[in-house]
Structures are given as structure tokens and as C-alpha cells.
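Structure data (compact mmCIF, C-alpha atoms and all ligand atoms) from run.txt:
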# COMPACT_ATOMS: atom_id res chain seq x y z
CA MET A 1 33.39 -60.30 85.89
CA GLU A 2 35.79 -59.11 83.22
CA GLN A 3 32.81 -58.74 80.93
CA SER A 4 30.93 -56.35 83.21
CA ASP A 5 34.12 -54.48 84.04
CA ARG A 6 34.62 -53.73 80.39
CA ALA A 7 30.98 -52.73 79.99
CA TYR A 8 31.40 -50.35 82.88
CA GLN A 9 34.56 -48.87 81.34
CA ARG A 10 32.78 -48.39 78.05
CA ALA A 11 29.79 -46.71 79.66
CA LEU A 12 32.10 -44.42 81.60
CA ARG A 13 34.07 -43.45 78.51
CA GLU A 14 30.91 -42.81 76.61
CA GLN A 15 29.59 -40.59 79.36
CA LEU A 16 32.84 -38.62 79.49
CA ALA A 17 32.73 -38.12 75.75
CA ARG A 18 29.14 -37.01 75.99
CA ASN A 19 29.98 -34.47 78.74
CA GLU A 20 32.90 -33.23 76.68
CA LEU A 21 30.70 -32.66 73.64
CA THR A 22 27.95 -31.01 75.63
CA PHE A 23 30.49 -28.64 77.13
CA ALA A 24 32.22 -27.81 73.85
CA HIS A 25 29.08 -27.26 71.80
CA ALA A 26 26.85 -25.53 74.33
CA PRO A 27 25.33 -22.37 72.86
CA ILE A 28 26.13 -20.50 76.09
CA GLY A 29 29.49 -19.88 77.71
CA GLN A 30 30.68 -22.65 80.01
CA ALA A 31 33.83 -22.86 82.04
CA ILE A 32 35.63 -24.74 84.75
CA VAL A 33 37.31 -22.24 87.03
CA GLU A 34 40.02 -22.86 89.63
CA LEU A 35 39.40 -21.85 93.22
CA ASP A 36 41.65 -18.79 92.71
CA GLY A 37 39.66 -17.65 89.68
CA THR A 38 41.95 -18.96 86.91
CA TRP A 39 40.09 -20.32 83.90
CA ARG A 40 40.91 -24.05 83.65
CA GLN A 41 38.69 -25.00 80.76
CA VAL A 42 36.48 -22.83 78.57
CA ASN A 43 34.16 -23.58 75.66
CA GLY A 44 33.86 -21.96 72.24
CA ALA A 45 30.79 -19.88 73.09
CA LEU A 46 32.65 -18.22 75.95
CA LEU A 47 35.73 -17.52 73.85
CA GLN A 48 33.56 -15.97 71.18
CA MET A 49 31.67 -13.86 73.69
CA LEU A 50 34.85 -12.57 75.31
CA GLU A 51 36.80 -12.33 72.00
CA TYR A 52 39.81 -14.22 73.37
CA ASP A 53 41.53 -17.29 72.03
CA GLU A 54 41.89 -20.24 74.36
CA VAL A 55 45.56 -19.86 75.24
CA GLU A 56 45.09 -16.19 76.15
CA LEU A 57 42.06 -16.75 78.34
CA LEU A 58 43.51 -19.75 80.19
CA ALA A 59 46.39 -17.51 81.28
CA MET A 60 43.96 -15.15 83.00
CA THR A 61 41.56 -15.11 85.94
CA PHE A 62 37.91 -14.09 85.82
CA GLN A 63 38.86 -11.20 88.10
CA ASP A 64 41.09 -9.79 85.31
CA ILE A 65 38.15 -9.27 82.98
CA THR A 66 35.33 -8.48 85.43
CA HIS A 67 33.95 -4.94 85.56
CA PRO A 68 35.27 -3.38 88.81
CA GLU A 69 31.76 -2.44 89.95
CA ASP A 70 30.64 -6.08 89.81
CA LEU A 71 33.74 -7.69 91.28
CA ASP A 72 32.97 -7.32 95.00
CA LEU A 73 29.54 -8.90 94.71
CA ASP A 74 30.96 -11.80 92.67
CA LEU A 75 33.84 -12.41 95.09
CA GLY A 76 31.51 -12.15 98.07
CA LEU A 77 29.19 -14.82 96.68
CA LEU A 78 32.17 -16.97 95.76
CA GLN A 79 33.42 -16.73 99.33
CA GLN A 80 30.01 -17.72 100.69
CA THR A 81 30.04 -20.73 98.38
CA LEU A 82 33.50 -21.79 99.54
CA ALA A 83 32.43 -21.38 103.16
CA GLY A 84 29.50 -23.72 102.51
CA GLU A 85 26.88 -21.07 103.28
CA ILE A 86 25.43 -21.51 99.79
CA THR A 87 26.01 -24.23 97.19
CA SER A 88 25.65 -22.06 94.08
CA TYR A 89 24.79 -18.55 92.99
CA GLN A 90 23.50 -16.47 90.10
CA MET A 91 24.16 -12.85 89.27
CA GLU A 92 24.11 -10.36 86.44
CA LYS A 93 27.56 -8.94 85.78
CA ARG A 94 29.73 -7.23 83.21
CA TYR A 95 32.90 -8.55 81.58
CA PHE A 96 35.39 -6.65 79.45
CA THR A 97 36.17 -8.35 76.15
CA ARG A 98 39.60 -8.48 74.53
CA THR A 99 38.79 -5.38 72.46
CA GLY A 100 37.54 -3.51 75.51
CA ARG A 101 33.80 -3.87 74.89
CA THR A 102 31.54 -4.39 77.87
CA VAL A 103 29.27 -7.43 77.75
CA TRP A 104 26.46 -8.13 80.19
CA ALA A 105 26.17 -11.71 81.36
CA LEU A 106 23.91 -13.84 83.48
CA LEU A 107 26.37 -15.91 85.48
CA SER A 108 25.54 -19.17 87.30
CA VAL A 109 28.24 -20.67 89.47
CA ALA A 110 28.29 -24.00 91.29
CA LEU A 111 31.11 -25.37 93.42
CA VAL A 112 32.23 -28.96 92.88
CA ARG A 113 33.47 -30.66 96.04
CA GLY A 114 35.57 -33.81 96.42
CA LEU A 115 34.86 -36.99 98.35
CA ASP A 116 35.90 -35.39 101.63
CA ASP A 117 33.81 -32.34 100.84
CA GLU A 118 36.90 -30.33 99.97
CA PRO A 119 36.32 -27.62 97.33
CA LEU A 120 37.76 -28.68 93.94
CA TYR A 121 36.70 -26.16 91.29
CA PHE A 122 33.80 -24.07 90.08
CA ILE A 123 31.51 -24.73 87.14
CA SER A 124 30.33 -21.49 85.54
CA GLN A 125 27.61 -20.97 82.97
CA ILE A 126 27.68 -17.59 81.30
CA LEU A 127 24.81 -16.32 79.18
CA ASP A 128 25.29 -13.20 77.07
CA ILE A 129 22.40 -10.85 77.91
CA THR A 130 23.88 -7.67 76.39
CA SER A 131 21.21 -7.15 73.77
CA HIS A 132 18.44 -7.82 76.27
CA LYS A 133 20.01 -5.26 78.63
CA LYS A 134 20.24 -2.70 75.86
CA GLN A 135 16.59 -3.15 74.96
CA VAL A 136 15.49 -2.75 78.56
CA GLN A 137 17.65 0.35 78.91
CA ALA A 138 16.25 1.87 75.71
CA LEU A 139 12.71 1.23 76.87
CA GLN A 140 13.44 2.76 80.28
CA ASP A 141 14.99 5.84 78.70
CA PHE A 142 12.04 6.19 76.38
CA THR A 143 9.50 5.88 79.20
CA ALA A 144 11.37 8.44 81.27
CA MET A 145 11.62 10.86 78.35
CA LEU A 146 7.95 10.46 77.53
CA ALA A 147 6.74 10.81 81.10
CA HIS A 148 8.98 13.79 81.69
CA ASP A 149 8.01 15.66 78.54
CA LEU A 150 4.30 14.95 78.92
CA ARG A 151 4.08 16.00 82.53
CA THR A 152 4.30 19.75 81.93
CA PRO A 153 1.67 20.02 79.16
CA ALA A 154 -0.65 17.65 81.06
CA SER A 155 -0.36 19.89 84.16
CA VAL A 156 -1.14 22.93 82.01
CA ILE A 157 -4.28 21.26 80.65
CA ALA A 158 -5.37 20.25 84.17
CA GLY A 159 -4.76 23.78 85.48
CA PHE A 160 -6.72 25.55 82.77
CA ALA A 161 -9.53 23.00 82.92
CA GLN A 162 -9.84 23.72 86.61
CA LEU A 163 -9.94 27.45 85.91
CA LEU A 164 -12.66 26.89 83.32
CA SER A 165 -14.70 24.63 85.56
CA THR A 166 -14.87 27.24 88.33
CA GLY A 167 -15.51 30.16 85.97
CA PRO A 168 -18.84 31.85 85.28
CA TYR A 169 -19.87 29.58 82.42
CA ASP A 170 -23.02 27.65 81.72
CA ASP A 171 -23.51 24.14 83.05
CA GLU A 172 -22.46 22.37 79.91
CA VAL A 173 -19.10 24.13 79.71
CA THR A 174 -18.53 23.60 83.42
CA SER A 175 -19.32 19.90 83.13
CA ILE A 176 -17.02 19.44 80.14
CA ALA A 177 -14.25 21.38 81.88
CA ARG A 178 -14.59 19.09 84.89
CA ARG A 179 -14.22 16.02 82.74
CA ILE A 180 -11.10 17.42 81.13
CA GLU A 181 -9.77 18.28 84.58
CA ARG A 182 -10.44 14.76 85.90
CA ALA A 183 -8.88 13.04 82.92
CA SER A 184 -5.81 15.26 82.82
CA THR A 185 -5.27 14.97 86.58
CA THR A 186 -5.30 11.18 86.19
CA ILE A 187 -2.65 11.53 83.48
CA VAL A 188 -0.47 13.78 85.66
CA ASP A 189 -0.68 11.29 88.56
CA LEU A 190 0.16 8.35 86.29
CA LEU A 191 3.14 10.19 84.81
CA GLU A 192 4.35 11.17 88.27
CA ASN A 193 4.26 7.54 89.37
CA ALA A 194 5.85 6.31 86.12
CA LEU A 195 8.76 8.73 86.59
CA THR A 196 9.33 7.63 90.16
CA THR A 197 9.18 3.96 89.16
CA GLU A 198 11.77 4.64 86.49
CA SER A 199 14.10 6.30 88.99
CA ILE A 200 13.67 3.32 91.34
CA ASP A 201 14.41 0.83 88.53
CA SER A 202 17.49 2.65 87.34
CA GLY A 203 18.81 2.95 90.88
CA ARG A 204 18.71 6.73 90.76
CA LEU A 205 16.32 7.13 93.67
CA THR A 206 18.17 8.98 96.40
CA ALA A 207 16.66 10.67 99.40
CA ARG A 208 17.70 14.16 100.50
CA PRO A 209 16.31 14.12 104.02
CA THR A 210 15.80 17.21 106.18
CA ALA A 211 14.12 17.81 109.52
CA LEU A 212 10.50 18.37 108.62
CA ASP A 213 7.14 18.64 110.35
CA VAL A 214 5.18 15.89 108.61
CA ARG A 215 1.99 17.94 108.96
CA ASP A 216 3.15 20.03 105.95
CA ALA A 217 3.09 17.06 103.59
CA VAL A 218 -0.14 15.77 105.13
CA GLY A 219 -1.77 19.17 104.60
CA THR A 220 -0.79 19.33 100.94
CA ALA A 221 -2.03 15.78 100.31
CA VAL A 222 -5.32 16.43 102.12
CA GLN A 223 -5.92 19.52 99.96
CA ALA A 224 -5.22 17.49 96.80
CA ALA A 225 -7.66 14.78 97.91
CA LEU A 226 -10.37 17.31 98.77
CA SER A 227 -10.14 18.99 95.40
CA ALA A 228 -10.10 15.60 93.65
CA ALA A 229 -13.25 14.69 95.57
CA GLU A 230 -14.92 17.93 94.53
CA MET A 231 -13.92 17.40 90.94
CA ASN A 232 -15.41 13.88 91.06
CA GLU A 233 -18.51 15.09 92.89
CA GLN A 234 -17.68 12.71 95.68
CA GLU A 235 -18.34 13.11 99.37
CA LEU A 236 -15.16 13.30 101.45
CA GLU A 237 -14.40 14.37 104.98
CA VAL A 238 -10.87 14.32 106.30
CA ASP A 239 -10.40 14.39 110.05
CA THR A 240 -7.03 15.95 110.89
CA SER A 241 -7.75 16.69 114.55
CA GLY A 242 -5.31 13.97 115.58
CA LEU A 243 -2.30 15.64 113.96
CA VAL A 244 0.32 16.58 116.54
CA PRO A 245 3.64 18.30 115.76
CA ALA A 246 5.93 15.56 114.52
CA VAL A 247 9.34 16.35 113.09
CA ALA A 248 10.76 13.54 110.97
CA TRP A 249 14.04 13.13 109.10
CA VAL A 250 12.79 12.67 105.55
CA ASP A 251 12.98 13.95 101.97
CA PRO A 252 10.13 16.51 101.64
CA VAL A 253 9.30 15.59 98.03
CA HIS A 254 9.20 11.90 98.89
CA LEU A 255 6.98 12.37 101.92
CA GLU A 256 4.53 14.45 99.92
CA GLN A 257 4.35 11.76 97.26
CA VAL A 258 3.78 9.09 99.93
CA MET A 259 0.99 11.05 101.58
CA THR A 260 -0.64 11.98 98.26
CA ASN A 261 -0.78 8.31 97.28
CA LEU A 262 -2.11 7.10 100.65
CA ILE A 263 -4.73 9.80 101.13
CA GLY A 264 -5.57 9.56 97.42
CA ASN A 265 -6.18 5.81 97.83
CA ALA A 266 -8.33 6.43 100.91
CA ARG A 267 -10.43 8.78 98.79
CA LYS A 268 -10.55 6.41 95.81
CA TYR A 269 -11.17 3.09 97.55
CA GLY A 270 -12.35 4.10 101.03
CA GLY A 271 -14.25 6.98 102.54
CA PRO A 272 -16.29 9.08 102.78
CA HIS A 273 -14.52 9.39 106.14
CA VAL A 274 -10.76 9.59 106.25
CA ARG A 275 -8.63 10.23 109.32
CA VAL A 276 -4.95 11.11 109.48
CA THR A 277 -3.15 11.02 112.82
CA THR A 278 0.46 11.42 113.91
CA GLN A 279 2.35 10.07 116.88
CA VAL A 280 5.91 10.36 118.11
CA HIS A 281 7.52 7.63 120.18
CA ASP A 282 10.81 5.74 120.46
CA ARG A 283 12.58 8.22 118.17
CA ARG A 284 10.08 7.37 115.42
CA VAL A 285 7.33 9.45 113.84
CA GLU A 286 4.21 7.49 112.92
CA ILE A 287 1.55 8.62 110.49
CA LEU A 288 -1.67 6.62 110.30
CA VAL A 289 -4.04 7.03 107.35
CA GLU A 290 -7.41 5.36 107.90
CA ASP A 291 -10.67 5.23 106.05
CA ASP A 292 -14.12 3.76 106.66
CA GLY A 293 -14.47 2.02 103.30
CA PRO A 294 -14.50 -1.74 102.72
CA GLY A 295 -10.77 -2.11 103.48
CA VAL A 296 -8.30 -4.17 101.46
CA PRO A 297 -9.74 -7.64 100.66
CA PRO A 298 -7.80 -10.11 102.90
CA ARG A 299 -6.68 -12.32 100.00
CA PHE A 300 -5.17 -9.28 98.28
CA VAL A 301 -3.14 -8.05 101.27
CA PRO A 302 0.00 -10.14 100.39
CA GLN A 303 0.21 -8.41 96.96
CA LEU A 304 -0.71 -4.95 98.20
CA PHE A 305 2.75 -3.43 97.75
CA GLU A 306 3.66 -5.19 94.51
CA ARG A 307 4.02 -3.21 91.31
CA TYR A 308 1.05 -3.09 88.93
CA SER A 309 -1.07 -5.01 91.42
CA ARG A 310 -4.67 -3.97 91.97
CA ALA A 311 -7.40 -5.89 93.75
CA GLN A 312 -10.11 -7.43 91.61
CA GLU A 313 -12.53 -4.90 93.15
CA ALA A 314 -10.35 -2.00 91.96
CA ARG A 315 -9.87 -3.41 88.47
CA THR A 316 -13.57 -3.77 87.90
CA GLY A 317 -14.48 -0.54 89.73
CA SER A 318 -14.70 2.98 88.37
CA GLN A 319 -11.46 4.28 89.88
CA ARG A 320 -8.56 4.44 87.50
CA GLY A 321 -5.04 3.52 88.56
CA SER A 322 -1.85 1.80 87.51
CA GLY A 323 -1.19 -0.23 90.65
CA LEU A 324 2.16 1.54 91.02
CA GLY A 325 1.20 3.78 93.95
CA LEU A 326 1.88 1.54 96.92
CA TYR A 327 4.93 -0.03 95.27
CA ILE A 328 6.44 3.45 94.99
CA VAL A 329 5.31 4.41 98.47
CA ARG A 330 7.19 1.52 100.01
CA ASP A 331 10.35 2.17 98.00
CA LEU A 332 10.29 5.88 98.81
CA LEU A 333 9.94 5.06 102.50
CA THR A 334 12.72 2.48 102.37
CA ALA A 335 14.99 5.12 100.81
CA ASN A 336 14.20 7.29 103.85
CA ASN A 337 14.70 4.55 106.47
CA GLY A 338 10.96 4.33 106.83
CA THR A 339 8.44 1.50 106.76
CA ILE A 340 4.78 1.01 105.92
CA ASP A 341 2.33 -1.59 107.17
CA TYR A 342 -1.26 -2.36 106.40
CA GLU A 343 -3.78 -2.94 109.16
CA LYS A 344 -7.53 -3.08 109.60
CA ALA A 345 -8.42 0.46 110.65
CA ALA A 346 -10.24 1.38 113.86
CA LEU A 347 -12.37 3.51 111.56
CA GLY A 348 -13.57 0.30 109.86
CA GLY A 349 -11.75 0.35 106.51
CA ALA A 350 -8.12 0.32 105.43
CA GLY A 351 -5.31 1.57 107.68
CA PHE A 352 -1.78 2.38 106.48
CA ARG A 353 0.82 3.01 109.17
CA VAL A 354 3.95 4.87 108.12
CA SER A 355 6.98 5.02 110.37
CA LEU A 356 9.91 7.40 109.88
CA PRO A 357 12.96 8.32 111.93
CA ALA A 358 12.28 11.30 114.19
CA ALA A 359 14.59 14.26 113.67
N1 LIG B 1 -7.61 2.54 101.18
C1 LIG B 1 -7.81 1.44 100.46
N2 LIG B 1 -8.93 0.69 100.60
C2 LIG B 1 -9.14 -0.43 99.87
N3 LIG B 1 -8.26 -0.90 98.94
C3 LIG B 1 -7.12 -0.20 98.74
C4 LIG B 1 -6.83 0.99 99.47
N4 LIG B 1 -5.63 1.46 99.07
C5 LIG B 1 -5.20 0.59 98.12
N5 LIG B 1 -6.09 -0.39 97.90
C6 LIG B 1 -5.96 -1.52 96.95
O1 LIG B 1 -4.60 -1.64 96.60
C7 LIG B 1 -4.44 -1.52 95.18
C8 LIG B 1 -3.10 -0.91 94.86
O2 LIG B 1 -3.05 0.46 95.22
P1 LIG B 1 -2.04 1.41 94.46
O3 LIG B 1 -0.72 0.73 94.44
O4 LIG B 1 -2.11 2.76 95.05
O5 LIG B 1 -2.56 1.40 92.96
P2 LIG B 1 -3.79 2.17 92.26
O6 LIG B 1 -4.33 3.20 93.20
O7 LIG B 1 -3.17 2.75 91.04
O8 LIG B 1 -4.77 1.08 91.94
C9 LIG B 1 -5.63 -0.71 94.73
O9 LIG B 1 -5.92 -0.92 93.36
C10 LIG B 1 -6.72 -1.25 95.64
O10 LIG B 1 -7.18 -2.48 95.16
MG MG B 2 -3.07 4.53 94.30
What is this file in C-alpha cells?
Amino acid sequence: MEQSDRAYQRALREQLARNELTFAHAPIGQAIVELDGTWRQVNGALLQMLEYDEVELLAMTFQDITHPEDLDLDLGLLQQTLAGEITSYQMEKRYFTRTGRTVWALLSVALVRGLDDEPLYFISQILDITSHKKQVQALQDFTAMLAHDLRTPASVIAGFAQLLSTGPYDDEVTSIARRIERASTTIVDLLENALTTESIDSGRLTARPTALDVRDAVGTAVQAALSAAEMNEQELEVDTSGLVPAVAWVDPVHLEQVMTNLIGNARKYGGPHVRVTTQVHDRRVEILVEDDGPGVPPRFVPQLFERYSRAQEARTGSQRGSGLGLYIVRDLLTANNGTIDYEKAALGGAGFRVSLPAA
């Protein structure tokens, strides 16, 4: 009896020592935090990251050194953990160091409860992701700069190529001009979508809604699709007889981009028949874009609105694209209190139903 008791004691002590060492020497910040946010125990990695010495940090709370913009989210999640709604959480947040630098961290928090389920303390793991964040930011800035600065010259090339292709020149010049026009239009569209994606990623996408007859945006997008079809020597008929006056509350630039993408897709992957109809009911404006092509392959439907996703058929086909279009479309609509759903179209192919608040 005494023998096994001692063995148990030894095993326990050894485990405690092991935990202690793991905590102290972890390469990432680790801490035990009181329920009120006071640091109870912190490891070397955390002290180094935050530039404090132990005595200083233990006299503070995590709230004291959290960036004000990240505090509410952190406290909210903490509250949910205490209330038992969740058992742990993860978030990206910023801390201020002793010298006033801002560090980005990936924070994981778990609540330790006692035998009667009463909350005891939190265990936090804090990974410094500052350099990763900086790299991502630099890449985003670079992409935005590139897309922005290339858009104007690419539009100029597309415009002049179009002029050339419709001018009184011989067939060879006309055919070359058309190829330049097609290629440069693809570049303009890609850049447009890249810029919008960047503004979504950086959280700068804001809608400036006005009361607007959606037929304006539909008309512009239909014209763009018709001229793209001509340029690609492709048959395309767009039925707009089902357009009724429909005034929605939406950002005009956003709606045009949505319609250009949807009608552009109908031209690229569907057709030759495309139909656009509008409806107003229940204080909502609905726009339905249908085509009579093969439709979206059923197994691809769950990924349809994901970024960079294209169906196998599209990737191996002749139509170029980035797979950003529908991802952007959905985000633009969300920013305008709108929705989009895919359905099998009455026309036989793909159907995209957009819903927006009526003005
Ligand atoms: N009208 C449609 N008919 C069939 N498939 C479509 C249609 N619209 C979109 N898709 C599929 O969804 C994918 C994603 O579309 P999108 O996000 O606009 O990207 P992209 O046009 O650049 O490929 C397309 O590559 C295609 O596989
Ligand atoms: Mg597209």
C-alpha cells in the first residue's frame, strides 16, 4: 500500500515537473490568466514577445495591453466561454508591447473548470504572427497597386484594338485586332475582379446604396456580353422581354459588377440563349439570369461561390477565368443586403437568382 502510494506521488511530481518545463520552454507564449484578466503565470516566450519582465506583467491584465479595436471581440468570446456556450476560442488580435510596438498574435484560450464545474482560470496560448501579417499586407498592397496601375493602360489597349477591329482594314489586320481586343478585355476583367477581391479582403468594401432601377445595370451588362460575343464570334441572344421596372436600394457600381459577372458567365458557360427577368414582391427586387447551356455540374454546386473555384469543365474548356467572379458577386450582394442562389433554370441551363431590398 505504502509502496504504491509513494509510486503514485512520484509519478505525480514527475508529471508536474514535466508540465512546468513544457510551459516554461514552449517556443510560443503561454499563460495562465485569472477570470478577471490578470496574468497569473506567464512563460519566457510571452515576456519576450511583449517586452515586459515577469513582475511588471503579473501586475497587469490582458485588457491593459490589448489593442482597443480587438478588445470587445476578445471579451465577448471570454464571456461566452464563462457562460458555458463555448469551451474555448481562437482569434487574431493585437497587443501593445512595453515599448509601444503593436504585435499581431494568434490567441487560443481554454477555460479550466473545477470539480463542480466552476470556472477556475484560463489557459492562453499566444503565437506571434506579426511577420506573417506584414507579409500578407505587403502582398495585398502590391496586388492592389499592380491591378490599379495596369487597369488604365489595359483599357486603352482594349479600346484601340476595338477601334482597329471595326475599321476599314484588311482581314488580317481585323483578325489580329480582334485577338488583341479579346486578350486585353480578359486582362481588364481579371484586374477588375482582383481589385474588388482586394477591397473585400482588406475590409474596405462599403456599399453606397441609392434607389435605382435595376434595368440600367442589366442593360449595361447585356451590352458588354453582346460585344464580347461578337468579339469571340460566338452566337448569343439575350431575351430581356421579362424586365419590368424594379427599383432596388443598391450601390450602382456594385450592381453593375454583379450583372456583368452573371451575364458574362451565362455567355461564357451557357447560351446561346440567355434570359434576364425581374420581379418585385415582398419589398424585394429579384433578378433572374438564366441560360440554356449545360448548367453547373451538380457536384460543383457546393463550391460555386468559393474563391478561385472553377468546375473541371471550365478549367479544361476554352473560356478563361480566375474563379473570382461568383465569390465577388456574393460578397458585393451581401454588402448591399442582397442574396444570390443557384437553381436549375427553366430555360434548361444555369439559373442565378439575385434578391435585393426594394427601394
Ligand atoms: N452559367 C453557368 N453555367 C455553367 N457553369 C457556370 C456558370 N456560371 C458559372 N459557372 C461555373 O462556375 C465557375 C465559377 O464562376 P466564376 O466565379 O464566375 O469564375 P470564372 O468565370 O472566372 O471561371 C465557372 O468556372 C464555371 O465552372
Ligand atoms: Mg465569371
Sorted per-residue table, segment 239-296 of chain A near segment 223-229 of chain A, closest atoms and distance, 12 Å, all atoms listed in the file, as a tab-separated table:
residue	atom	partner	partner_atom	distance
A:Asp239	CA	A:Leu226	CA	11.7
A:Thr240	CA	A:Gln223	CA	11.6
A:Glu256	CA	A:Ala224	CA	10.7
A:Gln257	CA	A:Ala224	CA	11.2
A:Met259	CA	A:Ala225	CA	10.1
A:Thr260	CA	A:Ala224	CA	7.3
A:Asn261	CA	A:Ala225	CA	9.5
A:Leu262	CA	A:Ala225	CA	9.9
A:Ile263	CA	A:Ala225	CA	6.6
A:Gly264	CA	A:Ala225	CA	5.6
A:Asn265	CA	A:Ala225	CA	9.1
A:Ala266	CA	A:Ala225	CA	8.9
A:Arg267	CA	A:Ala225	CA	6.7
A:Lys268	CA	A:Ala229	CA	8.7
A:Tyr269	CA	A:Ala229	CA	12.0
A:Gly270	CA	A:Ala229	CA	11.9
A:Gly271	CA	A:Ala229	CA	10.4
A:Pro272	CA	A:Ala229	CA	9.6
A:His273	CA	A:Leu226	CA	11.6
A:Val274	CA	A:Ala225	CA	10.3
Which centre and edge lengths in Å to one decimal define the box along x, y and z that fits every listed atom of ligand LIG 1 (chain B) plus 5 Å per side, as AutoDock Vina command-line options?
--center_x -4.9 --center_y 0.4 --center_z 96.1 --size_x 18.4 --size_y 15.7 --size_z 20.1
When you draw a straight line from atom CA of His132 of chain A to atom CA of Glu92 of chain A, how long is it in Å?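 For atom CA of His132 of chain A relative to atom CA of Glu92 of chain A, the distance reads 11.9 Å.
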Selection: 6 Å around Val33 of chain A, only C-alpha atoms, excl. self and same-chain fewer than 3 positions, as an MDAnalysis selection string: chainID A and resid 37:40 121:122
Computed gap from atom CA of Val301 of chain A to atom CA of Glu343 of chain A is 9.4 Å
Give me the residues of segment 103-186 of chain A that have any atom at most 12 Å from an atom of segment 5-26 of chain A; for each, the nearest atom pair and the distance in Å, rounded to one decimal. Use all atoms listed in the file, sort by chain and number, and format it as JSON lines.
{"residue": "A:Ile123", "atom": "CA", "partner": "A:Phe23", "partner_atom": "CA", "distance": 10.8}
{"residue": "A:Ser124", "atom": "CA", "partner": "A:Phe23", "partner_atom": "CA", "distance": 11.0}
{"residue": "A:Gln125", "atom": "CA", "partner": "A:Ala26", "partner_atom": "CA", "distance": 9.8}
{"residue": "A:Ile126", "atom": "CA", "partner": "A:Ala26", "partner_atom": "CA", "distance": 10.6}
{"residue": "A:Leu127", "atom": "CA", "partner": "A:Ala26", "partner_atom": "CA", "distance": 10.6}
Could you check which of A:Asp70, A:Asp251, A:Asp213, A:Glu2 is closest to Ile287 of chain A, using all atoms listed in the file? A:Asp213
Using all atoms listed in the file, which residues have at least one atom no more than 7 Å from ligand LIG 1 (chain B)? Output them as a CSV table (one decimal) with C-alpha atoms, in the frame of the given file.
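The result, stored in selection_12.csv:
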chain,number,residue,atom,x,y,z
A,261,ASN,CA,-0.8,8.3,97.3
A,262,LEU,CA,-2.1,7.1,100.6
A,265,ASN,CA,-6.2,5.8,97.8
A,266,ALA,CA,-8.3,6.4,100.9
A,269,TYR,CA,-11.2,3.1,97.6
A,270,GLY,CA,-12.4,4.1,101.0
A,291,ASP,CA,-10.7,5.2,106.0
A,293,GLY,CA,-14.5,2.0,103.3
A,294,PRO,CA,-14.5,-1.7,102.7
A,295,GLY,CA,-10.8,-2.1,103.5
A,296,VAL,CA,-8.3,-4.2,101.5
A,304,LEU,CA,-0.7,-5.0,98.2
A,305,PHE,CA,2.8,-3.4,97.8
A,307,ARG,CA,4.0,-3.2,91.3
A,308,TYR,CA,1.0,-3.1,88.9
A,309,SER,CA,-1.1,-5.0,91.4
A,310,ARG,CA,-4.7,-4.0,92.0
A,311,ALA,CA,-7.4,-5.9,93.8
A,312,GLN,CA,-10.1,-7.4,91.6
A,313,GLU,CA,-12.5,-4.9,93.2
A,314,ALA,CA,-10.4,-2.0,92.0
A,315,ARG,CA,-9.9,-3.4,88.5
A,320,ARG,CA,-8.6,4.4,87.5
A,321,GLY,CA,-5.0,3.5,88.6
A,322,SER,CA,-1.8,1.8,87.5
A,323,GLY,CA,-1.2,-0.2,90.6
A,324,LEU,CA,2.2,1.5,91.0
A,325,GLY,CA,1.2,3.8,94.0
A,326,LEU,CA,1.9,1.5,96.9
A,327,TYR,CA,4.9,0.0,95.3
A,349,GLY,CA,-11.8,0.4,106.5
A,350,ALA,CA,-8.1,0.3,105.4
A,351,GLY,CA,-5.3,1.6,107.7
Separation of atom CA of Pro153 of chain A and atom CA of Val188 of chain A, in Å? 9.3 Å
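Nearest to ligand MG 2 (chain B) of all the residues A:Gln162, A:Ala359, A:Ala110, A:Asn193 is A:Asn193, based on all atoms listed in the file.
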May I ask which of the residues A:Gln319, A:Ser131, A:Gln137, A:Gln303 is the closest one to ligand MG 2 (chain B), counting all atoms listed in the file? A:Gln319
Nearest residue to Arg353 of chain A from the set A:Phe160, A:Glu306, A:Ser318, A:Gln279 (distances using all atoms listed in the file):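 Smallest distance to Arg353 of chain A is found for A:Gln279.
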Which polymer residues have any atom within 10 Å of an atom of segment 97-109 of chain A, counting only C-alpha atoms, with same-chain residues fewer than 6 positions away left out, as a PyMOL selection string? chain A and resi 29-33+47-53+56-57+65-67+74+77-78+81+87-91+122-134
Those same residues, written as a CSV table (one decimal), in the coordinates of the input with C-alpha atoms?
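Generated output (result-v7.csv):
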chain,number,residue,atom,x,y,z
A,29,GLY,CA,29.5,-19.9,77.7
A,30,GLN,CA,30.7,-22.6,80.0
A,31,ALA,CA,33.8,-22.9,82.0
A,32,ILE,CA,35.6,-24.7,84.8
A,33,VAL,CA,37.3,-22.2,87.0
A,47,LEU,CA,35.7,-17.5,73.8
A,48,GLN,CA,33.6,-16.0,71.2
A,49,MET,CA,31.7,-13.9,73.7
A,50,LEU,CA,34.8,-12.6,75.3
A,51,GLU,CA,36.8,-12.3,72.0
A,52,TYR,CA,39.8,-14.2,73.4
A,53,ASP,CA,41.5,-17.3,72.0
A,56,GLU,CA,45.1,-16.2,76.2
A,57,LEU,CA,42.1,-16.8,78.3
A,65,ILE,CA,38.2,-9.3,83.0
A,66,THR,CA,35.3,-8.5,85.4
A,67,HIS,CA,34.0,-4.9,85.6
A,74,ASP,CA,31.0,-11.8,92.7
A,77,LEU,CA,29.2,-14.8,96.7
A,78,LEU,CA,32.2,-17.0,95.8
A,81,THR,CA,30.0,-20.7,98.4
A,87,THR,CA,26.0,-24.2,97.2
A,88,SER,CA,25.6,-22.1,94.1
A,89,TYR,CA,24.8,-18.6,93.0
A,90,GLN,CA,23.5,-16.5,90.1
A,91,MET,CA,24.2,-12.8,89.3
A,122,PHE,CA,33.8,-24.1,90.1
A,123,ILE,CA,31.5,-24.7,87.1
A,124,SER,CA,30.3,-21.5,85.5
A,125,GLN,CA,27.6,-21.0,83.0
A,126,ILE,CA,27.7,-17.6,81.3
A,127,LEU,CA,24.8,-16.3,79.2
A,128,ASP,CA,25.3,-13.2,77.1
A,129,ILE,CA,22.4,-10.8,77.9
A,130,THR,CA,23.9,-7.7,76.4
A,131,SER,CA,21.2,-7.2,73.8
A,132,HIS,CA,18.4,-7.8,76.3
A,133,LYS,CA,20.0,-5.3,78.6
A,134,LYS,CA,20.2,-2.7,75.9
Closest of A:Arg113, A:Ile86, A:Asp201, A:Ile176 to Leu139 of chain A - atom-to-atom distances counting all atoms listed in the file: A:Asp201
Hey, can you pull every residue with an atom no more than 6 Å from (14.3, 10.6, 100.1), using only C-alpha atoms, and send it as JSON, numbers by chain? {"A": [206, 207, 208, 209, 251, 254, 335, 336]}
Out of A:Arg275, A:Leu120, A:Gln80, A:Thr143, which residue has the shortest atom-to-atom distance to Ser202 of chain A when counting only C-alpha atoms? A:Thr143
